>>> print(open('target.pdb').read())   # PDB, C-alpha atoms
ATOM      1  CA  MET A   4     -81.585  70.065 -82.706
ATOM      2  CA  ARG A   5     -84.418  71.872 -80.979
ATOM      3  CA  ALA A   6     -86.114  68.557 -80.257
ATOM      4  CA  LYS A   7     -82.966  66.955 -78.782
ATOM      5  CA  PHE A   8     -82.242  70.035 -76.724
ATOM      6  CA  ALA A   9     -85.787  70.016 -75.402
ATOM      7  CA  LEU A  10     -85.436  66.333 -74.521
ATOM      8  CA  PHE A  11     -82.286  66.892 -72.445
ATOM      9  CA  ASP A  12     -83.424  70.113 -70.790
ATOM     10  CA  ARG A  13     -87.187  70.320 -70.691
ATOM     11  CA  THR A  14     -87.115  73.481 -68.614
ATOM     12  CA  LEU A  15     -86.093  75.367 -71.765
ATOM     13  CA  ALA A  16     -89.125  74.361 -73.864
ATOM     14  CA  SER A  17     -92.856  74.156 -73.267
ATOM     15  CA  GLY A  18     -94.775  70.937 -73.665
ATOM     16  CA  LEU A  19     -96.410  72.346 -76.771
ATOM     17  CA  ALA A  20     -93.109  73.161 -78.440
ATOM     18  CA  LEU A  21     -91.778  69.738 -77.510
ATOM     19  CA  SER A  22     -94.829  68.050 -79.049
ATOM     20  CA  ALA A  23     -94.398  70.095 -82.178
ATOM     21  CA  CYS A  24     -90.782  69.058 -82.437
ATOM     22  CA  PHE A  25     -91.727  65.403 -82.042
ATOM     23  CA  SER A  26     -94.280  65.693 -84.872
ATOM     24  CA  LEU A  27     -91.796  67.440 -87.122
ATOM     25  CA  LEU A  28     -88.907  65.077 -86.366
ATOM     26  CA  PRO A  29     -90.084  61.460 -86.070
ATOM     27  CA  PRO A  30     -86.464  60.165 -85.869
ATOM     28  CA  LEU A  31     -86.394  61.576 -82.329
ATOM     29  CA  SER A  32     -87.937  58.360 -80.992
ATOM     30  CA  PHE A  33     -84.944  56.623 -82.490
ATOM     31  CA  ALA A  34     -82.583  58.926 -80.605
ATOM     32  CA  SER A  35     -84.543  58.326 -77.426
ATOM     33  CA  ALA A  36     -84.224  54.560 -77.853
ATOM     34  CA  ASP A  37     -80.490  54.892 -78.496
ATOM     35  CA  LEU A  38     -80.166  57.055 -75.404
ATOM     36  CA  ALA A  39     -82.017  54.514 -73.279
ATOM     37  CA  LEU A  40     -79.796  51.710 -74.592
ATOM     38  CA  ALA A  41     -76.657  53.722 -73.958
ATOM     39  CA  SER A  42     -77.869  54.533 -70.466
ATOM     40  CA  LYS A  43     -78.558  50.866 -69.777
ATOM     41  CA  GLU A  44     -75.112  49.848 -71.026
ATOM     42  CA  ALA A  45     -73.511  52.554 -68.891
ATOM     43  CA  LYS A  46     -75.339  51.268 -65.805
ATOM     44  CA  VAL A  47     -74.231  47.696 -66.516
ATOM     45  CA  GLU A  48     -70.615  48.854 -66.943
ATOM     46  CA  LEU A  49     -70.799  50.903 -63.737
ATOM     47  CA  SER A  50     -72.226  47.909 -61.878
ATOM     48  CA  LYS A  51     -69.341  45.749 -63.138
ATOM     49  CA  LYS A  52     -66.795  48.310 -61.959
ATOM     50  CA  LYS A  53     -68.464  48.585 -58.548
ATOM     51  CA  ASN A  54     -68.503  44.801 -58.118
ATOM     52  CA  LEU A  55     -64.855  44.608 -59.169
ATOM     53  CA  ALA A  56     -63.903  47.359 -56.740
ATOM     54  CA  LYS A  57     -65.943  45.712 -53.987
ATOM     55  CA  GLY A  58     -64.184  42.428 -54.658
ATOM     56  CA  LYS A  59     -60.777  44.089 -54.408
ATOM     57  CA  ILE A  60     -61.747  45.857 -51.177
ATOM     58  CA  THR A  61     -63.080  42.632 -49.670
ATOM     59  CA  GLU A  62     -59.907  40.808 -50.680
ATOM     60  CA  ALA A  63     -57.757  43.568 -49.172
ATOM     61  CA  GLN A  64     -59.789  43.535 -45.952
ATOM     62  CA  THR A  65     -59.513  39.759 -45.709
ATOM     63  CA  GLN A  66     -55.742  39.921 -46.190
ATOM     64  CA  ALA A  67     -55.471  42.740 -43.652
ATOM     65  CA  GLN A  68     -57.405  40.681 -41.115
ATOM     66  CA  LYS A  69     -55.037  37.765 -41.696
ATOM     67  CA  ASP A  70     -52.017  40.030 -41.223
ATOM     68  CA  VAL A  71     -53.237  41.543 -37.936
ATOM     69  CA  LYS A  72     -51.560  40.035 -34.909
ATOM     70  CA  ARG A  73     -54.116  38.981 -32.303
ATOM     71  CA  LEU A  74     -53.485  38.715 -28.592
ATOM     72  CA  PRO A  75     -53.436  35.222 -27.062
ATOM     73  CA  ALA A  76     -56.915  34.161 -25.918
ATOM     74  CA  THR A  77     -55.488  32.330 -22.881
ATOM     75  CA  ILE A  78     -54.833  35.526 -20.882
ATOM     76  CA  LYS A  79     -57.916  37.514 -19.923
ATOM     77  CA  PRO A  80     -58.266  40.813 -18.006
ATOM     78  CA  SER A  81     -61.000  41.244 -15.404
ATOM     79  CA  ALA A  82     -60.359  44.749 -13.990
ATOM     80  CA  TYR A  83     -58.218  47.852 -14.481
ATOM     81  CA  GLU A  84     -56.992  50.342 -11.854
ATOM     82  CA  LEU A  85     -55.685  53.338 -13.785
ATOM     83  CA  THR A  86     -54.094  56.631 -12.732
ATOM     84  CA  ILE A  87     -53.196  59.316 -15.289
ATOM     85  CA  GLU A  88     -51.331  62.573 -14.596
ATOM     86  CA  PRO A  89     -51.411  64.994 -17.560
ATOM     87  CA  ASP A  90     -49.059  67.957 -17.995
ATOM     88  CA  LEU A  91     -50.781  70.593 -20.144
ATOM     89  CA  GLU A  92     -47.646  72.738 -20.289
ATOM     90  CA  LYS A  93     -45.500  70.011 -21.836
ATOM     91  CA  PHE A  94     -48.409  68.231 -23.588
ATOM     92  CA  SER A  95     -47.413  64.949 -21.990
ATOM     93  CA  TYR A  96     -48.655  62.600 -19.304
ATOM     94  CA  SER A  97     -47.529  59.786 -17.055
ATOM     95  CA  GLY A  98     -49.583  56.873 -15.861
ATOM     96  CA  GLN A  99     -49.618  53.748 -13.800
ATOM     97  CA  GLU A 100     -52.038  50.873 -13.728
ATOM     98  CA  SER A 101     -52.788  47.505 -12.203
ATOM     99  CA  ILE A 102     -54.591  44.973 -14.366
ATOM    100  CA  SER A 103     -56.182  41.917 -12.802
ATOM    101  CA  ILE A 104     -55.678  39.028 -15.212
ATOM    102  CA  VAL A 105     -56.312  35.312 -15.363
ATOM    103  CA  ILE A 106     -53.759  33.095 -17.104
ATOM    104  CA  GLU A 107     -55.500  29.971 -18.357
ATOM    105  CA  ALA A 108     -52.475  28.134 -19.754
ATOM    106  CA  GLU A 109     -48.891  28.112 -18.482
ATOM    107  CA  THR A 110     -46.688  30.686 -20.203
ATOM    108  CA  LYS A 111     -43.589  32.863 -19.782
ATOM    109  CA  GLU A 112     -44.950  35.780 -21.801
ATOM    110  CA  ILE A 113     -47.814  38.229 -21.602
ATOM    111  CA  GLU A 114     -48.878  40.309 -24.588
ATOM    112  CA  LEU A 115     -51.201  43.305 -24.597
ATOM    113  CA  ASN A 116     -51.801  46.300 -26.833
ATOM    114  CA  ALA A 117     -49.789  49.527 -26.565
ATOM    115  CA  LEU A 118     -48.835  52.162 -29.107
ATOM    116  CA  GLU A 119     -46.889  55.430 -29.170
ATOM    117  CA  MET A 120     -45.819  55.303 -25.528
ATOM    118  CA  ASN A 121     -42.854  54.490 -23.345
ATOM    119  CA  VAL A 122     -43.381  51.684 -20.838
ATOM    120  CA  GLU A 123     -41.027  52.377 -17.958
ATOM    121  CA  SER A 124     -41.566  49.248 -15.884
ATOM    122  CA  ALA A 125     -43.710  46.124 -15.695
ATOM    123  CA  GLU A 126     -44.117  43.725 -12.772
ATOM    124  CA  LEU A 127     -46.326  40.709 -12.303
ATOM    125  CA  GLU A 128     -47.712  40.044  -8.843
ATOM    126  CA  LYS A 129     -48.139  36.317  -8.211
ATOM    127  CA  PRO A 130     -50.942  34.830  -6.088
ATOM    128  CA  ASP A 131     -48.510  34.578  -3.122
ATOM    129  CA  GLY A 132     -47.615  38.293  -3.392
ATOM    130  CA  GLN A 133     -44.188  37.773  -4.931
ATOM    131  CA  LYS A 134     -43.400  40.156  -7.804
ATOM    132  CA  LEU A 135     -41.538  39.342 -10.997
ATOM    133  CA  ALA A 136     -39.933  42.046 -13.143
ATOM    134  CA  ALA A 137     -40.621  41.707 -16.856
ATOM    135  CA  LYS A 138     -38.409  42.237 -19.875
ATOM    136  CA  ILE A 139     -40.194  44.887 -21.971
ATOM    137  CA  GLU A 140     -40.392  44.745 -25.768
ATOM    138  CA  MET A 141     -42.458  47.077 -27.936
ATOM    139  CA  ASP A 142     -43.716  45.916 -31.333
ATOM    140  CA  PRO A 143     -45.027  49.112 -33.006
ATOM    141  CA  ALA A 144     -45.874  47.374 -36.280
ATOM    142  CA  ASN A 145     -48.366  45.110 -34.513
ATOM    143  CA  GLU A 146     -49.212  47.610 -31.763
ATOM    144  CA  VAL A 147     -48.239  45.057 -29.144
ATOM    145  CA  LEU A 148     -46.360  45.222 -25.841
ATOM    146  CA  LYS A 149     -44.583  41.953 -25.071
ATOM    147  CA  LEU A 150     -43.598  41.127 -21.492
ATOM    148  CA  SER A 151     -41.230  38.208 -20.855
ATOM    149  CA  PHE A 152     -40.651  36.681 -17.407
ATOM    150  CA  PRO A 153     -37.742  34.641 -16.001
ATOM    151  CA  GLU A 154     -39.931  31.686 -15.030
ATOM    152  CA  ASN A 155     -43.034  29.853 -16.155
ATOM    153  CA  LEU A 156     -46.341  31.286 -14.989
ATOM    154  CA  PRO A 157     -48.821  28.546 -14.049
ATOM    155  CA  ALA A 158     -52.523  29.012 -14.720
ATOM    156  CA  ALA A 159     -53.842  31.305 -11.968
ATOM    157  CA  ALA A 160     -55.031  34.850 -11.186
ATOM    158  CA  TYR A 161     -52.356  37.588 -11.209
ATOM    159  CA  LYS A 162     -51.971  41.358 -11.090
ATOM    160  CA  LEU A 163     -49.953  43.173 -13.708
ATOM    161  CA  HIS A 164     -48.424  46.497 -12.599
ATOM    162  CA  LEU A 165     -47.257  48.977 -15.258
ATOM    163  CA  LYS A 166     -45.760  52.469 -15.356
ATOM    164  CA  PHE A 167     -45.703  54.413 -18.606
ATOM    165  CA  ASN A 168     -45.604  57.862 -20.211
ATOM    166  CA  SER A 169     -46.540  59.441 -23.520
ATOM    167  CA  ILE A 170     -47.485  62.681 -25.253
ATOM    168  CA  LEU A 171     -50.844  64.396 -25.450
ATOM    169  CA  ASN A 172     -51.124  64.142 -29.217
ATOM    170  CA  ASP A 173     -53.026  66.421 -31.587
ATOM    171  CA  GLN A 174     -54.462  63.619 -33.737
ATOM    172  CA  LEU A 175     -57.863  63.280 -31.996
ATOM    173  CA  ARG A 176     -56.977  59.680 -31.088
ATOM    174  CA  GLY A 177     -56.367  58.035 -27.731
ATOM    175  CA  PHE A 178     -55.522  60.660 -25.084
ATOM    176  CA  TYR A 179     -55.108  63.985 -26.868
ATOM    177  CA  ARG A 180     -54.977  67.717 -26.315
ATOM    178  CA  SER A 181     -57.666  70.158 -27.305
ATOM    179  CA  TYR A 182     -58.641  73.720 -26.415
ATOM    180  CA  PHE A 183     -61.411  76.280 -26.261
ATOM    181  CA  LYS A 184     -61.432  80.076 -26.362
ATOM    182  CA  ASP A 185     -63.207  82.220 -23.808
ATOM    183  CA  ASN A 186     -65.056  85.457 -24.542
ATOM    184  CA  SER A 187     -61.814  87.428 -24.515
ATOM    185  CA  GLY A 188     -60.260  85.104 -27.099
ATOM    186  CA  ALA A 189     -57.830  83.493 -24.649
ATOM    187  CA  LYS A 190     -57.017  79.866 -25.406
ATOM    188  CA  HIS A 191     -57.468  77.245 -22.679
ATOM    189  CA  TRP A 192     -56.009  73.754 -23.097
ATOM    190  CA  LEU A 193     -57.714  70.572 -21.980
ATOM    191  CA  CYS A 194     -57.430  66.804 -22.359
ATOM    192  CA  SER A 195     -59.870  64.608 -24.190
ATOM    193  CA  THR A 196     -60.168  60.944 -25.196
ATOM    194  CA  GLN A 197     -61.188  58.921 -28.229
ATOM    195  CA  MET A 198     -60.966  55.194 -27.569
ATOM    196  CA  GLU A 199     -62.935  53.651 -30.421
ATOM    197  CA  PRO A 200     -62.523  51.580 -32.412
ATOM    198  CA  ALA A 201     -59.050  50.561 -31.223
ATOM    199  CA  ASP A 202     -57.339  53.617 -29.776
ATOM    200  CA  ALA A 203     -57.440  52.890 -26.045
ATOM    201  CA  ARG A 204     -53.999  51.351 -26.647
ATOM    202  CA  ARG A 205     -52.735  54.853 -27.465
ATOM    203  CA  MET A 206     -53.612  56.015 -23.943
ATOM    204  CA  PHE A 207     -52.541  53.083 -21.763
ATOM    205  CA  PRO A 208     -51.428  49.449 -22.171
ATOM    206  CA  CYS A 209     -54.509  47.243 -22.333
ATOM    207  CA  PHE A 210     -56.201  44.266 -23.915
ATOM    208  CA  ASP A 211     -57.724  46.397 -26.659
ATOM    209  CA  GLU A 212     -59.681  43.809 -28.635
ATOM    210  CA  PRO A 213     -63.446  43.110 -28.686
ATOM    211  CA  GLU A 214     -62.907  39.589 -27.356
ATOM    212  CA  PHE A 215     -61.763  41.033 -24.015
TER     213      PHE A 215
END
>>> encode(input="target.pdb", output="structure tokens")
Amino acid sequence: MRAKFALFDRTLASGLALSACFSLLPPLSFASADLALASKEAKVELSKKKNLAKGKITEAQTQAQKDVKRLPATIKPSAYELTIEPDLEKFSYSGQESISIVIEAETKEIELNALEMNVESAELEKPDGQKLAAKIEMDPANEVLKLSFPENLPAAAYKLHLKFNSILNDQLRGFYRSYFKDNSGAKHWLCSTQMEPADARRMFPCFDEPEF
């Protein structure tokens, strides 16, 4: 037992004592070989489990990617004009924006990303200056804002005007509230942002995908 103990925890035995144990108990080499074999088998089993887990994760990621609803590639933004007005007493904010877009194929609908907000109004400004009011539909499951218009929109450059409001959340995502304490211990609230990887949509309606 002394020899095995010394093998597993060499800090508890000197090299001389360990050598003496080896000379007294030749079967120790046998135990060492068994240990090495067991260790090798354990590594092989662990590798199998890791590969299996990796395969399941990859499969789940692939399925998740298939399930994600992507925005149409035929409507592209070119510029945003954004105004945000936070209220640190109510932990809320209101905003309005104008998005310059190019519609490449005729459509009656525009989709963009939006989540956890209330879109009050949406208008599309046509190239001739005429404005069309949109029917607003939120799709929280897909994090999409769908705007439907009463007429077909030919391929051209447009401006999309939106008004919206939301809360300053405490989840460290999108547009959220935070605070610091001064030397007296008084708490001071402030606003902060975290847009990556896909949380800009929590702050304002936008085309929140890498393609855009």
>>> atom_distance(input="target.pdb", atom1="CA of Pro80 in chain A", atom2="CA of Val105 in chain A")
6.4 Å
>>> atom_distance(input="target.pdb", atom1="CA of Pro213 in chain A", atom2="CA of Ala82 in chain A")
15.1 Å
>>> resolve_selection(input="target.pdb", expression="the PyMOL selection byres ((chain A and resi 182) around 7)", output="NGL selection string")
:A and (181 or 183-184 or 190-193)
>>> resolve_selection(input="target.pdb", expression="the PyMOL selection byres ((chain A and resi 154) around 10)", output="PyMOL selection string")
chain A and resi 110-112+135+151-153+155-157
>>> resolve_selection(input="target.pdb", expression="the PyMOL selection byres ((chain A and resi 95-103) around 9)", output="PyMOL selection string")
chain A and resi 79-94+104-105+160-172+207-209
>>> atom_distance(input="target.pdb", atom1="CA of Gly132 in chain A", atom2="CA of Ala203 in chain A")
28.7 Å
>>> decode(input="target.pdb", residues="range 189-204 of chain A", atoms="all heavy atoms", output="CSV table (one decimal), in the first residue's frame")
chain,number,residue,atom,x,y,z
A,189,ALA,N,-24.6,58.4,-2.6
A,189,ALA,CA,-25.8,58.6,-3.3
A,189,ALA,C,-25.8,57.9,-4.7
A,189,ALA,O,-24.7,57.9,-5.4
A,189,ALA,CB,-26.0,60.1,-3.5
A,190,LYS,N,-26.9,57.4,-5.1
A,190,LYS,CA,-27.0,56.7,-6.4
A,190,LYS,C,-27.4,57.6,-7.5
A,190,LYS,O,-28.4,58.4,-7.3
A,190,LYS,CB,-28.0,55.5,-6.2
A,190,LYS,CG,-28.1,54.6,-7.4
A,190,LYS,CD,-29.2,53.6,-7.3
A,190,LYS,CE,-28.8,52.6,-6.2
A,190,LYS,NZ,-29.8,51.4,-6.2
A,191,HIS,N,-26.8,57.6,-8.6
A,191,HIS,CA,-27.1,58.4,-9.8
A,191,HIS,C,-27.4,57.5,-11.0
A,191,HIS,O,-26.5,56.6,-11.3
A,191,HIS,CB,-25.9,59.3,-10.1
A,191,HIS,CG,-25.6,60.3,-9.0
A,191,HIS,ND1,-26.2,61.5,-8.8
A,191,HIS,CD2,-24.7,60.1,-8.0
A,191,HIS,CE1,-25.7,62.1,-7.8
A,191,HIS,NE2,-24.8,61.3,-7.2
A,192,TRP,N,-28.5,57.6,-11.6
A,192,TRP,CA,-28.9,56.8,-12.7
A,192,TRP,C,-28.4,57.3,-14.0
A,192,TRP,O,-28.3,58.5,-14.2
A,192,TRP,CB,-30.4,56.6,-12.7
A,192,TRP,CG,-31.0,55.8,-11.6
A,192,TRP,CD1,-31.5,56.3,-10.4
A,192,TRP,CD2,-31.0,54.4,-11.5
A,192,TRP,NE1,-31.9,55.2,-9.6
A,192,TRP,CE2,-31.6,54.1,-10.3
A,192,TRP,CE3,-30.6,53.4,-12.4
A,192,TRP,CZ2,-31.8,52.8,-9.9
A,192,TRP,CZ3,-30.8,52.1,-12.0
A,192,TRP,CH2,-31.4,51.8,-10.7
A,193,LEU,N,-28.2,56.4,-14.9
A,193,LEU,CA,-27.7,56.8,-16.3
A,193,LEU,C,-28.2,55.8,-17.3
A,193,LEU,O,-28.7,54.7,-16.9
A,193,LEU,CB,-26.2,56.9,-16.3
A,193,LEU,CG,-25.3,55.7,-15.8
A,193,LEU,CD1,-25.1,54.7,-16.9
A,193,LEU,CD2,-24.0,56.2,-15.3
A,194,CYS,N,-28.0,56.1,-18.5
A,194,CYS,CA,-28.4,55.2,-19.6
A,194,CYS,C,-27.2,54.6,-20.3
A,194,CYS,O,-26.1,55.3,-20.4
A,194,CYS,CB,-29.2,55.9,-20.7
A,194,CYS,SG,-30.7,56.7,-20.1
A,195,SER,N,-27.3,53.4,-20.7
A,195,SER,CA,-26.2,52.8,-21.4
A,195,SER,C,-26.7,51.9,-22.5
A,195,SER,O,-27.9,51.6,-22.6
A,195,SER,CB,-25.3,51.9,-20.4
A,195,SER,OG,-24.1,51.5,-21.0
A,196,THR,N,-25.8,51.4,-23.4
A,196,THR,CA,-26.2,50.6,-24.5
A,196,THR,C,-25.4,49.4,-24.7
A,196,THR,O,-24.2,49.4,-24.3
A,196,THR,CB,-26.2,51.4,-25.9
A,196,THR,OG1,-24.8,51.8,-26.1
A,196,THR,CG2,-27.1,52.6,-25.8
A,197,GLN,N,-26.0,48.3,-25.2
A,197,GLN,CA,-25.3,47.1,-25.6
A,197,GLN,C,-26.0,46.5,-26.8
A,197,GLN,O,-27.1,46.0,-26.7
A,197,GLN,CB,-25.3,46.0,-24.4
A,197,GLN,CG,-24.8,44.7,-24.8
A,197,GLN,CD,-23.3,44.7,-25.3
A,197,GLN,OE1,-22.5,45.4,-24.7
A,197,GLN,NE2,-23.0,44.0,-26.4
A,198,MET,N,-25.3,46.8,-28.0
A,198,MET,CA,-26.0,46.4,-29.2
A,198,MET,C,-25.6,45.1,-29.8
A,198,MET,O,-26.4,44.5,-30.6
A,198,MET,CB,-25.6,47.5,-30.3
A,198,MET,CG,-26.0,48.9,-29.9
A,198,MET,SD,-27.8,49.2,-29.7
A,198,MET,CE,-27.8,50.9,-29.5
A,199,GLU,N,-24.5,44.5,-29.4
A,199,GLU,CA,-24.0,43.3,-30.0
A,199,GLU,C,-24.5,42.1,-29.2
A,199,GLU,O,-24.7,42.2,-28.0
A,199,GLU,CB,-22.5,43.3,-30.1
A,199,GLU,CG,-22.0,44.3,-31.1
A,199,GLU,CD,-20.5,44.3,-31.2
A,199,GLU,OE1,-19.8,43.7,-30.3
A,199,GLU,OE2,-19.9,45.0,-32.1
A,200,PRO,N,-24.7,40.9,-29.8
A,200,PRO,CA,-24.6,40.7,-31.2
A,200,PRO,C,-25.8,41.1,-32.0
A,200,PRO,O,-25.7,41.4,-33.2
A,200,PRO,CB,-24.3,39.2,-31.3
A,200,PRO,CG,-25.0,38.6,-30.1
A,200,PRO,CD,-24.9,39.6,-29.1
A,201,ALA,N,-27.0,41.1,-31.4
A,201,ALA,CA,-28.2,41.4,-32.1
A,201,ALA,C,-29.2,42.0,-31.2
A,201,ALA,O,-30.4,41.6,-31.1
A,201,ALA,CB,-28.8,40.1,-32.7
A,202,ASP,N,-28.8,43.1,-30.4
A,202,ASP,CA,-29.6,43.7,-29.5
A,202,ASP,C,-29.9,45.2,-29.8
A,202,ASP,O,-30.6,45.9,-29.0
A,202,ASP,CB,-29.0,43.7,-28.1
A,202,ASP,CG,-29.2,42.3,-27.5
A,202,ASP,OD1,-30.2,41.6,-27.7
A,202,ASP,OD2,-28.3,41.8,-26.7
A,203,ALA,N,-29.5,45.7,-31.0
A,203,ALA,CA,-29.9,47.0,-31.4
A,203,ALA,C,-31.4,47.1,-31.6
A,203,ALA,O,-32.0,48.1,-31.3
A,203,ALA,CB,-29.2,47.4,-32.7
A,204,ARG,N,-32.0,45.9,-32.0
A,204,ARG,CA,-33.4,45.8,-32.2
A,204,ARG,C,-34.2,46.1,-30.9
A,204,ARG,O,-35.4,46.3,-30.9
A,204,ARG,CB,-33.8,44.5,-32.8
A,204,ARG,CG,-33.5,43.3,-31.8
A,204,ARG,CD,-33.6,42.0,-32.5
A,204,ARG,NE,-32.6,41.8,-33.5
A,204,ARG,CZ,-32.5,40.7,-34.3
A,204,ARG,NH1,-33.4,39.8,-34.2
A,204,ARG,NH2,-31.6,40.6,-35.2
